$ cat protein.csv   # CSV, C-alpha atoms and all ligand atoms
chain,number,residue,atom,x,y,z
A,1,MET,CA,-9.9,20.4,-0.3
A,2,PRO,CA,-7.9,17.4,0.9
A,3,LEU,CA,-8.3,16.5,4.5
A,4,THR,CA,-5.3,17.5,6.6
A,5,PHE,CA,-4.0,16.1,9.9
A,6,ASP,CA,-5.1,19.4,11.6
A,7,ASP,CA,-8.6,18.8,10.3
A,8,LEU,CA,-8.6,15.5,12.1
A,9,LEU,CA,-7.3,17.0,15.3
A,10,HIS,CA,-10.0,19.6,15.2
A,11,ARG,CA,-12.7,17.1,14.5
A,12,ALA,CA,-11.5,14.8,17.3
A,13,ARG,CA,-11.4,17.7,19.8
A,14,ALA,CA,-14.9,18.7,18.8
A,15,LEU,CA,-16.2,15.3,19.9
A,16,THR,CA,-15.5,16.2,23.5
A,17,GLN,CA,-17.5,19.4,23.5
A,18,GLY,CA,-20.6,17.8,24.9
A,19,GLY,CA,-18.9,17.6,28.3
A,20,ARG,CA,-19.1,13.8,28.7
A,21,ARG,CA,-16.3,11.4,27.7
A,22,ALA,CA,-16.3,10.7,23.9
A,23,ILE,CA,-15.2,7.6,22.1
A,24,LEU,CA,-13.8,7.9,18.5
A,25,GLY,CA,-13.5,4.7,16.5
A,26,ILE,CA,-11.0,4.1,13.6
A,27,ALA,CA,-11.8,1.2,11.4
A,28,GLY,CA,-9.9,-0.1,8.4
A,29,SER,CA,-8.4,-3.2,6.7
A,30,PRO,CA,-5.4,-5.0,8.2
A,31,GLY,CA,-2.3,-3.0,7.8
A,32,ALA,CA,-4.1,0.2,6.6
A,33,GLY,CA,-2.4,2.3,9.4
A,34,LYS,CA,-5.1,2.5,12.0
A,35,SER,CA,-2.8,2.0,15.0
A,36,THR,CA,-0.3,4.5,13.6
A,37,LEU,CA,-3.0,7.1,13.0
A,38,ALA,CA,-4.4,6.5,16.5
A,39,GLU,CA,-1.0,6.9,18.1
A,40,HIS,CA,-0.3,10.0,16.2
A,41,LEU,CA,-3.7,11.6,17.1
A,42,VAL,CA,-3.3,10.7,20.8
A,43,ARG,CA,0.3,12.0,20.9
A,44,GLU,CA,-0.6,15.3,19.3
A,45,LEU,CA,-3.8,15.9,21.2
A,46,ASN,CA,-2.2,15.1,24.6
A,47,GLY,CA,0.8,17.3,23.7
A,48,GLY,CA,3.1,17.8,26.7
A,49,GLY,CA,0.4,18.3,29.3
A,50,ALA,CA,-1.6,15.9,31.5
A,51,PRO,CA,-3.0,13.1,29.3
A,52,TRP,CA,-6.7,13.5,28.4
A,53,VAL,CA,-6.8,11.2,25.4
A,54,ALA,CA,-6.4,7.4,25.7
A,55,HIS,CA,-5.8,4.7,23.1
A,56,VAL,CA,-7.7,1.4,23.4
A,57,PRO,CA,-7.0,-1.0,20.5
A,58,MET,CA,-9.6,-3.7,19.6
A,59,ASP,CA,-6.6,-6.0,19.2
A,60,GLY,CA,-6.7,-6.7,22.9
A,61,PHE,CA,-9.8,-8.7,22.4
A,62,HIS,CA,-8.1,-11.4,20.3
A,63,LEU,CA,-9.0,-14.8,21.8
A,64,ALA,CA,-5.9,-16.5,23.3
A,65,ASP,CA,-4.2,-19.2,21.2
A,66,ALA,CA,-5.3,-21.9,23.6
A,67,GLU,CA,-9.0,-21.0,23.1
A,68,LEU,CA,-8.6,-20.7,19.3
A,69,GLU,CA,-7.1,-24.2,19.4
A,70,ARG,CA,-10.0,-25.5,21.4
A,71,LEU,CA,-12.5,-23.9,18.9
A,72,GLY,CA,-10.5,-25.2,15.9
A,73,LEU,CA,-9.9,-21.6,14.7
A,74,ARG,CA,-6.2,-21.3,15.2
A,75,ASP,CA,-5.4,-21.0,11.5
A,76,ARG,CA,-8.0,-18.3,11.0
A,77,LYS,CA,-6.6,-16.0,13.7
A,78,GLY,CA,-7.6,-12.4,12.9
A,79,ALA,CA,-11.0,-13.3,11.4
A,80,PRO,CA,-14.1,-11.7,13.0
A,81,ASP,CA,-15.0,-14.8,15.0
A,82,THR,CA,-11.5,-15.1,16.6
A,83,PHE,CA,-12.2,-12.0,18.7
A,84,ASP,CA,-14.3,-11.5,21.9
A,85,ALA,CA,-16.6,-9.0,20.2
A,86,ALA,CA,-19.1,-8.9,23.0
A,87,GLY,CA,-16.3,-8.3,25.5
A,88,TYR,CA,-15.0,-5.4,23.4
A,89,ALA,CA,-18.5,-3.9,23.3
A,90,ALA,CA,-18.9,-4.4,27.1
A,91,LEU,CA,-15.6,-2.6,27.7
A,92,LEU,CA,-16.7,0.3,25.5
A,93,ARG,CA,-19.9,0.5,27.5
A,94,ARG,CA,-17.9,0.7,30.7
A,95,LEU,CA,-15.7,3.4,29.2
A,96,ARG,CA,-18.9,5.4,28.6
A,97,ASP,CA,-20.8,4.6,31.8
A,98,GLU,CA,-18.0,4.6,34.4
A,99,PRO,CA,-15.9,7.6,33.6
A,100,GLY,CA,-15.1,8.1,37.3
A,101,ASP,CA,-13.2,4.8,37.6
A,102,VAL,CA,-9.9,3.6,36.2
A,103,VAL,CA,-11.1,1.1,33.5
A,104,TYR,CA,-8.5,-1.5,32.4
A,105,ALA,CA,-8.4,-2.6,28.8
A,106,PRO,CA,-6.4,-5.6,27.5
A,107,GLY,CA,-3.4,-5.0,25.2
A,108,PHE,CA,-2.1,-7.1,22.4
A,109,GLU,CA,1.5,-8.3,22.6
A,110,ARG,CA,2.8,-8.5,19.0
A,111,GLU,CA,5.9,-10.5,19.9
A,112,LEU,CA,3.8,-13.2,21.6
A,113,GLU,CA,0.7,-12.5,19.4
A,114,GLN,CA,-1.3,-12.8,22.5
A,115,PRO,CA,-3.7,-10.5,24.4
A,116,VAL,CA,-2.6,-9.3,27.8
A,117,ALA,CA,-5.3,-8.4,30.4
A,118,GLY,CA,-5.1,-5.2,32.4
A,119,ALA,CA,-2.4,-3.7,30.2
A,120,ILE,CA,-4.0,-0.3,29.4
A,121,PRO,CA,-5.4,1.9,32.2
A,122,VAL,CA,-8.0,4.5,31.1
A,123,PRO,CA,-8.0,7.1,33.9
A,124,PRO,CA,-11.0,9.3,34.8
A,125,THR,CA,-9.0,12.2,33.2
A,126,ALA,CA,-9.5,10.6,29.7
A,127,ARG,CA,-12.1,12.8,28.1
A,128,LEU,CA,-11.6,11.2,24.7
A,129,VAL,CA,-10.9,7.5,24.0
A,130,VAL,CA,-9.6,6.6,20.6
A,131,THR,CA,-10.3,2.9,19.8
A,132,GLU,CA,-9.3,1.2,16.6
A,133,GLY,CA,-9.5,-2.1,14.8
A,134,ASN,CA,-10.7,-4.0,11.8
A,135,TYR,CA,-14.3,-4.8,12.7
A,136,LEU,CA,-15.8,-1.7,14.3
A,137,LEU,CA,-18.4,-1.4,11.5
A,138,LEU,CA,-19.1,-5.1,10.9
A,139,THR,CA,-22.8,-6.2,11.0
A,140,THR,CA,-22.4,-9.9,11.9
A,141,GLY,CA,-22.0,-11.7,15.2
A,142,ALA,CA,-21.8,-9.4,18.3
A,143,TRP,CA,-20.0,-6.7,16.3
A,144,PRO,CA,-23.2,-4.5,15.7
A,145,ARG,CA,-23.1,-3.8,19.5
A,146,VAL,CA,-20.0,-1.7,18.9
A,147,ARG,CA,-21.1,1.1,16.6
A,148,PRO,CA,-23.8,2.7,18.9
A,149,LEU,CA,-21.2,3.0,21.6
A,150,LEU,CA,-18.9,5.2,19.4
A,151,ASP,CA,-19.5,8.9,18.8
A,152,GLU,CA,-17.9,8.8,15.4
A,153,VAL,CA,-16.1,6.2,13.2
A,154,TRP,CA,-13.4,7.0,10.7
A,155,PHE,CA,-12.3,4.6,8.0
A,156,CYS,CA,-8.6,4.5,7.5
A,157,GLU,CA,-7.8,3.8,3.8
A,158,LEU,CA,-4.6,2.9,2.1
A,159,PRO,CA,-4.1,1.8,-1.6
A,160,GLU,CA,-4.1,-2.0,-1.8
A,161,ARG,CA,-0.5,-2.5,-3.0
A,162,GLU,CA,1.0,-0.4,-0.3
A,163,ARG,CA,-1.2,-1.9,2.4
A,164,VAL,CA,-0.1,-5.4,1.4
A,165,ARG,CA,3.5,-4.4,1.2
A,166,ARG,CA,3.4,-2.9,4.8
A,167,LEU,CA,1.6,-6.0,6.1
A,168,VAL,CA,4.2,-8.4,4.7
A,169,ALA,CA,7.0,-6.2,6.1
A,170,ARG,CA,5.4,-6.2,9.5
A,171,HIS,CA,5.0,-10.0,9.6
A,172,GLU,CA,8.6,-10.3,8.7
A,173,GLN,CA,9.6,-7.9,11.4
A,174,PHE,CA,7.8,-10.1,14.0
A,175,GLY,CA,9.5,-13.3,12.9
A,176,LYS,CA,7.9,-14.8,9.7
A,177,THR,CA,10.1,-15.5,6.7
A,178,HIS,CA,9.2,-13.5,3.5
A,179,GLU,CA,7.5,-16.6,2.0
A,180,GLU,CA,5.5,-17.2,5.2
A,181,ALA,CA,4.5,-13.6,5.4
A,182,VAL,CA,3.3,-13.4,1.8
A,183,ALA,CA,1.4,-16.7,2.2
A,184,TRP,CA,-0.3,-15.5,5.5
A,185,VAL,CA,-1.3,-12.2,4.0
A,186,ALA,CA,-2.7,-13.8,0.8
A,187,ARG,CA,-4.6,-16.5,2.7
A,188,SER,CA,-5.8,-14.8,5.9
A,189,ASP,CA,-5.3,-11.0,6.0
A,190,GLU,CA,-6.8,-10.4,2.6
A,191,ARG,CA,-9.9,-12.4,3.2
A,192,ASN,CA,-10.4,-10.3,6.3
A,193,ALA,CA,-9.6,-7.1,4.4
A,194,GLU,CA,-12.5,-7.8,2.0
A,195,LEU,CA,-15.0,-8.1,4.9
A,196,VAL,CA,-13.7,-4.8,6.3
A,197,ALA,CA,-13.7,-3.0,2.9
A,198,ALA,CA,-17.4,-3.8,2.6
A,199,THR,CA,-18.1,-1.7,5.8
A,200,ARG,CA,-16.5,1.5,4.4
A,201,GLY,CA,-19.8,3.1,3.5
A,202,ARG,CA,-21.0,3.0,7.1
A,203,ALA,CA,-18.1,5.3,8.3
A,204,ASP,CA,-18.7,9.0,9.2
A,205,LEU,CA,-15.4,10.0,7.5
A,206,VAL,CA,-12.9,8.3,5.2
A,207,VAL,CA,-9.3,9.2,6.0
A,208,PRO,CA,-6.5,8.6,3.5
A,209,CYS,CA,-3.8,6.9,5.6
A,210,GLY,CA,-1.1,6.9,2.9
A,211,ALA,CA,0.9,9.9,4.2
A,301,LIG,N1,3.2,6.3,6.8
A,301,LIG,C1,3.8,5.1,6.8
A,301,LIG,N2,4.8,4.8,6.0
A,301,LIG,C2,5.3,3.6,6.0
A,301,LIG,N3,4.9,2.6,6.8
A,301,LIG,C3,3.9,2.8,7.7
A,301,LIG,C4,3.3,4.1,7.7
A,301,LIG,N4,2.3,4.1,8.6
A,301,LIG,C5,2.3,2.8,9.1
A,301,LIG,N5,3.3,2.1,8.6
A,301,LIG,C6,3.6,0.7,8.8
A,301,LIG,O1,2.6,-0.1,8.3
A,301,LIG,C7,2.3,-1.2,9.1
A,301,LIG,C8,0.9,-1.2,9.4
A,301,LIG,O2,0.5,0.0,10.1
A,301,LIG,P1,-0.4,-0.1,11.4
A,301,LIG,O3,0.1,-1.1,12.4
A,301,LIG,O4,-0.6,1.3,11.9
A,301,LIG,O5,-1.7,-0.6,10.7
A,301,LIG,P2,-3.0,-1.3,11.3
A,301,LIG,O6,-4.2,-0.8,10.5
A,301,LIG,O7,-3.1,-0.9,12.8
A,301,LIG,O8,-2.8,-2.8,11.2
A,301,LIG,P3,-3.5,-4.1,11.9
A,301,LIG,O9,-4.9,-4.2,11.3
A,301,LIG,O10,-2.8,-5.3,11.5
A,301,LIG,O11,-3.5,-3.8,13.3
A,301,LIG,C9,3.2,-1.1,10.4
A,301,LIG,O12,4.3,-1.9,10.3
A,301,LIG,C10,3.6,0.4,10.3
A,301,LIG,O13,4.9,0.6,10.9
A,302,MG,MG,-3.2,-2.1,14.4
$ encode --input "protein.csv" --output "structure tokens"
Amino acid sequence: MPLTFDDLLHRARALTQGGRRAILGIAGSPGAGKSTLAEHLVRELNGGGAPWVAHVPMDGFHLADAELERLGLRDRKGAPDTFDAAGYAALLRRLRDEPGDVVYAPGFERELEQPVAGAIPVPPTARLVVTEGNYLLLTTGAWPRVRPLLDEVWFCELPERERVRRLVARHEQFGKTHEEAVAWVARSDERNAELVAATRGRADLVVPCGA
């Protein structure tokens, strides 16, 4: 039977049955729909009541442009080594170990394409944290520190053509010309997509994100 959104809600709720705060990861290639799925889940789970589910994107751990410049990595922005993977893992550990404190996560400002510290408060009432990004299941660099801190990881999957179409559209929406968007996707996003696709088999669940 195909997986329904209700199945996902049920599965996410079940993660919190142990009593302690749970962390659900959503991995997937650039533009696959991870952030959209996470937002949808968080909105539905929270409903109209007091929020008990928080959304913490991996995107907040992009290195700042000034640092990418210094490292000579500015033109590879979005690749695994252009993030503070160890910082991300440390934040996940705090979210697990310090549930009684407000833990601040950095956000990512798409207009500026820059991380913003202290943008996302995770309050003690958050019994489930949904975190999402490209590299949750990667095995290189500091990325392997991430998986053991997550209760489950889902892999958000979208057929290639549609994924590329959405990515190009989003780059255009945030200021690139069509030609610039196509070139950036072909050169940068797709190289990263291959790295992510290779981690699919390590996920607990594959979620079709085409709906
Ligand atoms: N069901 C949908 N139909 C059409 N467009 C969609 C749908 N879901 C998401 N999108 C669009 O596709 C683009 C990519 O979606 P989203 O930002 O959720 O992906 P992502 O996996 O988080 O990407 P990234 O890795 O770049 O953060 C966005 O512009 C979003 O608005
Ligand atoms: Mg996203």
$ closest_residue --input "protein.csv" --among "A:Pro80, A:Gly87, A:Gly33, A:Gly141" --to "ligand MG 302 (chain A)" --atoms "all atoms listed in the file"
A:Gly33
$ residues_around --input "protein.csv" --residues "stretch 155-165 of chain A" --least-positions-apart "3" --cutoff "12 Å" --atoms "all atoms listed in the file" --output "VMD selection string"
chain A and resid 8 24 to 38 132 to 137 152 168 to 172 178 181 to 186 188 to 190 193 to 194 196 to 211
$ residues_around --input "protein.csv" --residues "stretch 58-71 of chain A" --least-positions-apart "4" --cutoff "12 Å" --atoms "all atoms listed in the file" --output "PDB file with C-alpha atoms, in the frame of the given file"
ATOM      1  CA  GLY A  25     -13.500   4.700  16.500  1.00  0.00           C
ATOM      2  CA  ILE A  26     -11.000   4.100  13.600  1.00  0.00           C
ATOM      3  CA  ALA A  27     -11.800   1.200  11.400  1.00  0.00           C
ATOM      4  CA  GLY A  28      -9.900  -0.100   8.400  1.00  0.00           C
ATOM      5  CA  PRO A  30      -5.400  -5.000   8.200  1.00  0.00           C
ATOM      6  CA  LYS A  34      -5.100   2.500  12.000  1.00  0.00           C
ATOM      7  CA  SER A  35      -2.800   2.000  15.000  1.00  0.00           C
ATOM      8  CA  ALA A  38      -4.400   6.500  16.500  1.00  0.00           C
ATOM      9  CA  ASP A  75      -5.400 -21.000  11.500  1.00  0.00           C
ATOM     10  CA  ARG A  76      -8.000 -18.300  11.000  1.00  0.00           C
ATOM     11  CA  LYS A  77      -6.600 -16.000  13.700  1.00  0.00           C
ATOM     12  CA  GLY A  78      -7.600 -12.400  12.900  1.00  0.00           C
ATOM     13  CA  ALA A  79     -11.000 -13.300  11.400  1.00  0.00           C
ATOM     14  CA  PRO A  80     -14.100 -11.700  13.000  1.00  0.00           C
ATOM     15  CA  ASP A  81     -15.000 -14.800  15.000  1.00  0.00           C
ATOM     16  CA  THR A  82     -11.500 -15.100  16.600  1.00  0.00           C
ATOM     17  CA  PHE A  83     -12.200 -12.000  18.700  1.00  0.00           C
ATOM     18  CA  ASP A  84     -14.300 -11.500  21.900  1.00  0.00           C
ATOM     19  CA  ALA A  85     -16.600  -9.000  20.200  1.00  0.00           C
ATOM     20  CA  ALA A  86     -19.100  -8.900  23.000  1.00  0.00           C
ATOM     21  CA  GLY A  87     -16.300  -8.300  25.500  1.00  0.00           C
ATOM     22  CA  TYR A  88     -15.000  -5.400  23.400  1.00  0.00           C
ATOM     23  CA  ALA A  89     -18.500  -3.900  23.300  1.00  0.00           C
ATOM     24  CA  ALA A  90     -18.900  -4.400  27.100  1.00  0.00           C
ATOM     25  CA  LEU A  91     -15.600  -2.600  27.700  1.00  0.00           C
ATOM     26  CA  LEU A  92     -16.700   0.300  25.500  1.00  0.00           C
ATOM     27  CA  TYR A 104      -8.500  -1.500  32.400  1.00  0.00           C
ATOM     28  CA  ALA A 105      -8.400  -2.600  28.800  1.00  0.00           C
ATOM     29  CA  PRO A 106      -6.400  -5.600  27.500  1.00  0.00           C
ATOM     30  CA  GLY A 107      -3.400  -5.000  25.200  1.00  0.00           C
ATOM     31  CA  PHE A 108      -2.100  -7.100  22.400  1.00  0.00           C
ATOM     32  CA  GLU A 109       1.500  -8.300  22.600  1.00  0.00           C
ATOM     33  CA  ARG A 110       2.800  -8.500  19.000  1.00  0.00           C
ATOM     34  CA  LEU A 112       3.800 -13.200  21.600  1.00  0.00           C
ATOM     35  CA  GLU A 113       0.700 -12.500  19.400  1.00  0.00           C
ATOM     36  CA  GLN A 114      -1.300 -12.800  22.500  1.00  0.00           C
ATOM     37  CA  PRO A 115      -3.700 -10.500  24.400  1.00  0.00           C
ATOM     38  CA  VAL A 116      -2.600  -9.300  27.800  1.00  0.00           C
ATOM     39  CA  ALA A 117      -5.300  -8.400  30.400  1.00  0.00           C
ATOM     40  CA  GLY A 118      -5.100  -5.200  32.400  1.00  0.00           C
ATOM     41  CA  ALA A 119      -2.400  -3.700  30.200  1.00  0.00           C
ATOM     42  CA  ILE A 120      -4.000  -0.300  29.400  1.00  0.00           C
ATOM     43  CA  VAL A 130      -9.600   6.600  20.600  1.00  0.00           C
ATOM     44  CA  THR A 131     -10.300   2.900  19.800  1.00  0.00           C
ATOM     45  CA  GLU A 132      -9.300   1.200  16.600  1.00  0.00           C
ATOM     46  CA  GLY A 133      -9.500  -2.100  14.800  1.00  0.00           C
ATOM     47  CA  ASN A 134     -10.700  -4.000  11.800  1.00  0.00           C
ATOM     48  CA  TYR A 135     -14.300  -4.800  12.700  1.00  0.00           C
ATOM     49  CA  LEU A 136     -15.800  -1.700  14.300  1.00  0.00           C
ATOM     50  CA  TRP A 143     -20.000  -6.700  16.300  1.00  0.00           C
ATOM     51  CA  VAL A 146     -20.000  -1.700  18.900  1.00  0.00           C
TER      52      VAL A 146
END
$ atom_distance --input "protein.csv" --atom1 "atom CA of A:Arg93" --atom2 "atom CA of A:Gly19"
17.1 Å
$ closest_residue --input "protein.csv" --among "A:Val103, A:Leu41, A:Leu195, A:Leu167" --to "ligand LIG 301 (chain A)" --atoms "all atoms listed in the file"
A:Leu167
$ atom_distance --input "protein.csv" --atom1 "atom CA of A:His55" --atom2 "atom CA of A:Pro121"
9.5 Å
$ atom_distance --input "protein.csv" --atom1 "atom O5 of ligand LIG 301 (chain A)" --atom2 "atom CA of A:Val56"
14.2 Å
$ closest_residue --input "protein.csv" --among "A:Pro57, A:Pro148, A:Pro2, A:Gly49" --to "ligand LIG 301 (chain A)" --atoms "only C-alpha atoms and all ligand atoms"
A:Pro57
$ residues_around --input "protein.csv" --residues "A:Leu45" --least-positions-apart "2" --cutoff "10 Å" --atoms "all atoms listed in the file" --output "PyMOL selection string"
chain A and resi 9-10+12-13+39-43+47-49+51-54+128
$ closest_residue --input "protein.csv" --among "A:Gln173, A:Thr140, A:Trp154, A:Val129" --to "ligand LIG 301 (chain A)" --atoms "all atoms listed in the file"
A:Gln173
$ residues_around --input "protein.csv" --residues "A:Pro123" --least-positions-apart "6" --cutoff "8 Å" --atoms "only C-alpha atoms" --output "MDAnalysis selection string"
chainID A and resid 99:103
$ build_atoms --input "protein.csv" --residues "stretch 37-47 of chain A" --atoms "all heavy atoms" --output "PDB file, in the frame of the given file"
ATOM      1  N   LEU A  37      -2.202   5.848  12.982  1.00  0.00           N
ATOM      2  CA  LEU A  37      -3.000   7.100  13.000  1.00  0.00           C
ATOM      3  C   LEU A  37      -3.490   7.363  14.441  1.00  0.00           C
ATOM      4  O   LEU A  37      -3.415   8.512  14.908  1.00  0.00           O
ATOM      5  CB  LEU A  37      -4.227   6.924  12.071  1.00  0.00           C
ATOM      6  CG  LEU A  37      -5.242   8.066  12.117  1.00  0.00           C
ATOM      7  CD1 LEU A  37      -4.622   9.393  11.673  1.00  0.00           C
ATOM      8  CD2 LEU A  37      -6.470   7.744  11.230  1.00  0.00           C
ATOM      9  N   ALA A  38      -3.955   6.330  15.144  1.00  0.00           N
ATOM     10  CA  ALA A  38      -4.400   6.500  16.500  1.00  0.00           C
ATOM     11  C   ALA A  38      -3.312   7.040  17.407  1.00  0.00           C
ATOM     12  O   ALA A  38      -3.500   7.986  18.184  1.00  0.00           O
ATOM     13  CB  ALA A  38      -5.016   5.223  17.066  1.00  0.00           C
ATOM     14  N   GLU A  39      -2.131   6.438  17.292  1.00  0.00           N
ATOM     15  CA  GLU A  39      -1.000   6.900  18.100  1.00  0.00           C
ATOM     16  C   GLU A  39      -0.634   8.323  17.852  1.00  0.00           C
ATOM     17  O   GLU A  39      -0.367   9.096  18.770  1.00  0.00           O
ATOM     18  CB  GLU A  39       0.232   5.989  17.836  1.00  0.00           C
ATOM     19  CG  GLU A  39       0.172   4.642  18.526  1.00  0.00           C
ATOM     20  CD  GLU A  39       1.139   3.639  17.913  1.00  0.00           C
ATOM     21  OE1 GLU A  39       2.098   4.068  17.222  1.00  0.00           O
ATOM     22  OE2 GLU A  39       0.925   2.429  18.109  1.00  0.00           O
ATOM     23  N   HIS A  40      -0.642   8.677  16.576  1.00  0.00           N
ATOM     24  CA  HIS A  40      -0.300  10.000  16.200  1.00  0.00           C
ATOM     25  C   HIS A  40      -1.327  11.035  16.733  1.00  0.00           C
ATOM     26  O   HIS A  40      -0.972  12.069  17.299  1.00  0.00           O
ATOM     27  CB  HIS A  40      -0.283  10.060  14.626  1.00  0.00           C
ATOM     28  CG  HIS A  40       0.403  11.244  14.042  1.00  0.00           C
ATOM     29  ND1 HIS A  40       0.495  11.454  12.695  1.00  0.00           N
ATOM     30  CD2 HIS A  40       1.008  12.311  14.616  1.00  0.00           C
ATOM     31  CE1 HIS A  40       1.135  12.585  12.473  1.00  0.00           C
ATOM     32  NE2 HIS A  40       1.456  13.119  13.613  1.00  0.00           N
ATOM     33  N   LEU A  41      -2.600  10.707  16.601  1.00  0.00           N
ATOM     34  CA  LEU A  41      -3.700  11.600  17.100  1.00  0.00           C
ATOM     35  C   LEU A  41      -3.526  11.750  18.631  1.00  0.00           C
ATOM     36  O   LEU A  41      -3.584  12.876  19.146  1.00  0.00           O
ATOM     37  CB  LEU A  41      -5.037  10.946  16.850  1.00  0.00           C
ATOM     38  CG  LEU A  41      -5.655  11.093  15.468  1.00  0.00           C
ATOM     39  CD1 LEU A  41      -6.905  10.213  15.370  1.00  0.00           C
ATOM     40  CD2 LEU A  41      -6.037  12.559  15.188  1.00  0.00           C
ATOM     41  N   VAL A  42      -3.350  10.634  19.329  1.00  0.00           N
ATOM     42  CA  VAL A  42      -3.300  10.700  20.800  1.00  0.00           C
ATOM     43  C   VAL A  42      -2.084  11.505  21.246  1.00  0.00           C
ATOM     44  O   VAL A  42      -2.191  12.346  22.142  1.00  0.00           O
ATOM     45  CB  VAL A  42      -3.246   9.233  21.365  1.00  0.00           C
ATOM     46  CG1 VAL A  42      -2.930   9.244  22.858  1.00  0.00           C
ATOM     47  CG2 VAL A  42      -4.567   8.527  21.105  1.00  0.00           C
ATOM     48  N   ARG A  43      -0.958  11.299  20.571  1.00  0.00           N
ATOM     49  CA  ARG A  43       0.300  12.000  20.900  1.00  0.00           C
ATOM     50  C   ARG A  43       0.070  13.541  20.730  1.00  0.00           C
ATOM     51  O   ARG A  43       0.364  14.349  21.597  1.00  0.00           O
ATOM     52  CB  ARG A  43       1.432  11.519  20.095  1.00  0.00           C
ATOM     53  CG  ARG A  43       2.801  11.920  20.618  1.00  0.00           C
ATOM     54  CD  ARG A  43       3.903  11.129  19.943  1.00  0.00           C
ATOM     55  NE  ARG A  43       3.826  11.174  18.497  1.00  0.00           N
ATOM     56  CZ  ARG A  43       3.728  10.107  17.713  1.00  0.00           C
ATOM     57  NH1 ARG A  43       3.671   8.908  18.229  1.00  0.00           N
ATOM     58  NH2 ARG A  43       3.670  10.237  16.397  1.00  0.00           N
ATOM     59  N   GLU A  44      -0.466  13.902  19.576  1.00  0.00           N
ATOM     60  CA  GLU A  44      -0.600  15.300  19.300  1.00  0.00           C
ATOM     61  C   GLU A  44      -1.693  15.983  20.171  1.00  0.00           C
ATOM     62  O   GLU A  44      -1.522  17.113  20.610  1.00  0.00           O
ATOM     63  CB  GLU A  44      -1.059  15.514  17.803  1.00  0.00           C
ATOM     64  CG  GLU A  44       0.051  15.259  16.823  1.00  0.00           C
ATOM     65  CD  GLU A  44       1.189  16.279  16.948  1.00  0.00           C
ATOM     66  OE1 GLU A  44       0.900  17.474  17.105  1.00  0.00           O
ATOM     67  OE2 GLU A  44       2.352  15.850  16.917  1.00  0.00           O
ATOM     68  N   LEU A  45      -2.783  15.278  20.415  1.00  0.00           N
ATOM     69  CA  LEU A  45      -3.800  15.900  21.200  1.00  0.00           C
ATOM     70  C   LEU A  45      -3.373  16.026  22.688  1.00  0.00           C
ATOM     71  O   LEU A  45      -3.647  17.033  23.332  1.00  0.00           O
ATOM     72  CB  LEU A  45      -5.109  14.992  21.190  1.00  0.00           C
ATOM     73  CG  LEU A  45      -5.871  15.023  19.861  1.00  0.00           C
ATOM     74  CD1 LEU A  45      -6.916  13.908  19.812  1.00  0.00           C
ATOM     75  CD2 LEU A  45      -6.545  16.374  19.631  1.00  0.00           C
ATOM     76  N   ASN A  46      -2.650  15.037  23.186  1.00  0.00           N
ATOM     77  CA  ASN A  46      -2.200  15.100  24.600  1.00  0.00           C
ATOM     78  C   ASN A  46      -1.083  16.187  24.715  1.00  0.00           C
ATOM     79  O   ASN A  46      -0.956  16.810  25.769  1.00  0.00           O
ATOM     80  CB  ASN A  46      -1.634  13.763  25.046  1.00  0.00           C
ATOM     81  CG  ASN A  46      -2.768  12.869  25.530  1.00  0.00           C
ATOM     82  OD1 ASN A  46      -3.786  13.362  26.023  1.00  0.00           O
ATOM     83  ND2 ASN A  46      -2.597  11.572  25.380  1.00  0.00           N
ATOM     84  N   GLY A  47      -0.295  16.383  23.649  1.00  0.00           N
ATOM     85  CA  GLY A  47       0.800  17.300  23.700  1.00  0.00           C
ATOM     86  C   GLY A  47       1.718  17.016  24.884  1.00  0.00           C
ATOM     87  O   GLY A  47       1.918  15.853  25.223  1.00  0.00           O
TER      88      GLY A  47
END
